[in-house]
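Worksheet: the structure to be examined is printed underneath.
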Amino acid sequence: MNYTKNWGKSVERYKAFWQGEMLDRCCVSVTAPKRTLEPLPSFTSQETLEHWTDGEWVFKTWKNYFESTYFAGDAFPNLWLNLGPSGHAGYIKDARCKFMQGSGLNCTTWYDNSIHDWDTDFPVFDPNGFLYKKTLELANYLASESKGEVMVSMPDNAGNLDALACLRGTGELLIDFVEEKETVLRAGKVMQSVWEQAVTDVYQILKDNNQGACSAGWLQVWSPGLMSQMQCDLSVMISENDFNTFAMPELRKQCDFLQFPLYHFDGQEQRRHLQSLLSLEKLRVIQWTSVVGQPSPVEYLPTLQAMQKAGKSIFLMLKPYEIEPIMQGLSSKGLHFSVEAQSVEEADAIVKLVEKLSHE
């Protein structure tokens, strides 16, 4: 792996992390700028689509970032295969997807409703559709250009209910939970099948470049085998009963399907579903996100401690000042976090701090 100092040791740390253990210290991925990167231009929707589906442009853009970035601790060059969140919504026939430039090195997508009537617009996988073909095309190109020197991530195909909300509309889907329960459950099975197909196809393309390993594009986390992010961001709007009815079936299937399941816990409102999530025996890692406007993860130490007590490893994205209280409040076994430093010197200092504070 290029751009890293001692990748072999980092691999062993990641393996321990996925087992809820610790090698010599907890995992920590720290990045820092070596030089200032020029921001990307403000693209129109059409320009965003054209750029982020152009493998050559994507590879050059990410390579420029890698060469301008210092990777400390267990950080690694992670080339994000990104065609938007809940990307498997775009693999459905007649999906109406619009691309928008995100902040930094990413794009995002928005969907206009395409399921207006479940009888006539029921979701159908389109393997010859533009976005599915582009996903596989990008995976092939980026893997061939990377030559094992950097990781190429899995696409952000996460959340079957989130994908259905893109296609149906969030408000409409929530009403359907009450009025069209069986239809929603059938549609969820379709999205699960699409998700499994996409995960399988992309993993087969990337596995030689990645030496059988996986990464998630927006997360600095590596796994020694098949991994894909799981999520249900829609769950912040639904009851525990609806979560158990509509979300838990897909999460159980995905935990069975993946070797290294990771759940993206998006915000404090999901705490009411925590016991259901902790009941997933095969779930290995929970990634906590404090969304914009919510308190620091430090404020949720009791919740994080409950995750560890249940045998789940934890991944956090922290600011430098949050490291010490988090490490004092949690076991370093099965703990991993990423940090953005402002300088090479600060990055190295953070790694030394983590070495000092690591404990069982």
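Naming scheme: A, B, ... for chains in displayed order of the structure tokens; residues 1 onward per chain; ligands 1 onward as shown.
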As an MDAnalysis selection string, please: all residues of stretch 114-213 of chain A that backbone DSSP puts in strand (DSSP E or B). chainID A and resid 125 151:152 154
I'd like the neighbourhood of A:Leu283 as a VMD selection string, where a residue qualifies if any of its atoms comes within 7 Å (using only C-alpha atoms), though same-chain residues fewer than 4 positions away should be ignored. chain A and resid 255 261 to 262
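The space separating atom CA of A:Gly102 from atom CA of A:Ala143 comes to 23.5 Å.
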What are the closest atom pairs, with distances in Å to one decimal, for each residue of stretch 96-174 of chain A lying within 9 Å of stretch 51-72 of chain A, using only C-alpha atoms, rows by chain and rising residue number, as JSON lines?
```
{"residue": "A:Leu105", "atom": "CA", "partner": "A:Trp62", "partner_atom": "CA", "distance": 7.7}
{"residue": "A:Asn106", "atom": "CA", "partner": "A:Trp52", "partner_atom": "CA", "distance": 8.3}
{"residue": "A:Cys107", "atom": "CA", "partner": "A:Trp52", "partner_atom": "CA", "distance": 7.3}
{"residue": "A:Leu131", "atom": "CA", "partner": "A:Thr53", "partner_atom": "CA", "distance": 8.8}
{"residue": "A:Lys134", "atom": "CA", "partner": "A:Thr53", "partner_atom": "CA", "distance": 6.6}
{"residue": "A:Thr135", "atom": "CA", "partner": "A:Thr53", "partner_atom": "CA", "distance": 8.2}
{"residue": "A:Glu137", "atom": "CA", "partner": "A:Gly55", "partner_atom": "CA", "distance": 8.1}
{"residue": "A:Leu138", "atom": "CA", "partner": "A:Gly55", "partner_atom": "CA", "distance": 5.6}
{"residue": "A:Ala139", "atom": "CA", "partner": "A:Gly55", "partner_atom": "CA", "distance": 8.6}
{"residue": "A:Tyr141", "atom": "CA", "partner": "A:Gly55", "partner_atom": "CA", "distance": 6.2}
{"residue": "A:Leu142", "atom": "CA", "partner": "A:Phe59", "partner_atom": "CA", "distance": 6.5}
{"residue": "A:Glu145", "atom": "CA", "partner": "A:Phe59", "partner_atom": "CA", "distance": 7.7}
{"residue": "A:Ser146", "atom": "CA", "partner": "A:Phe59", "partner_atom": "CA", "distance": 8.3}
```
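Distances here use only C-alpha atoms; by that measure, the residue among A:Glu21, A:Pro77, A:Leu136, A:Ala163 closest to A:Thr109 is A:Ala163.
Counting from atom CA of A:His88, the distance to atom CA of A:Tyr132 is 8.0 Å.
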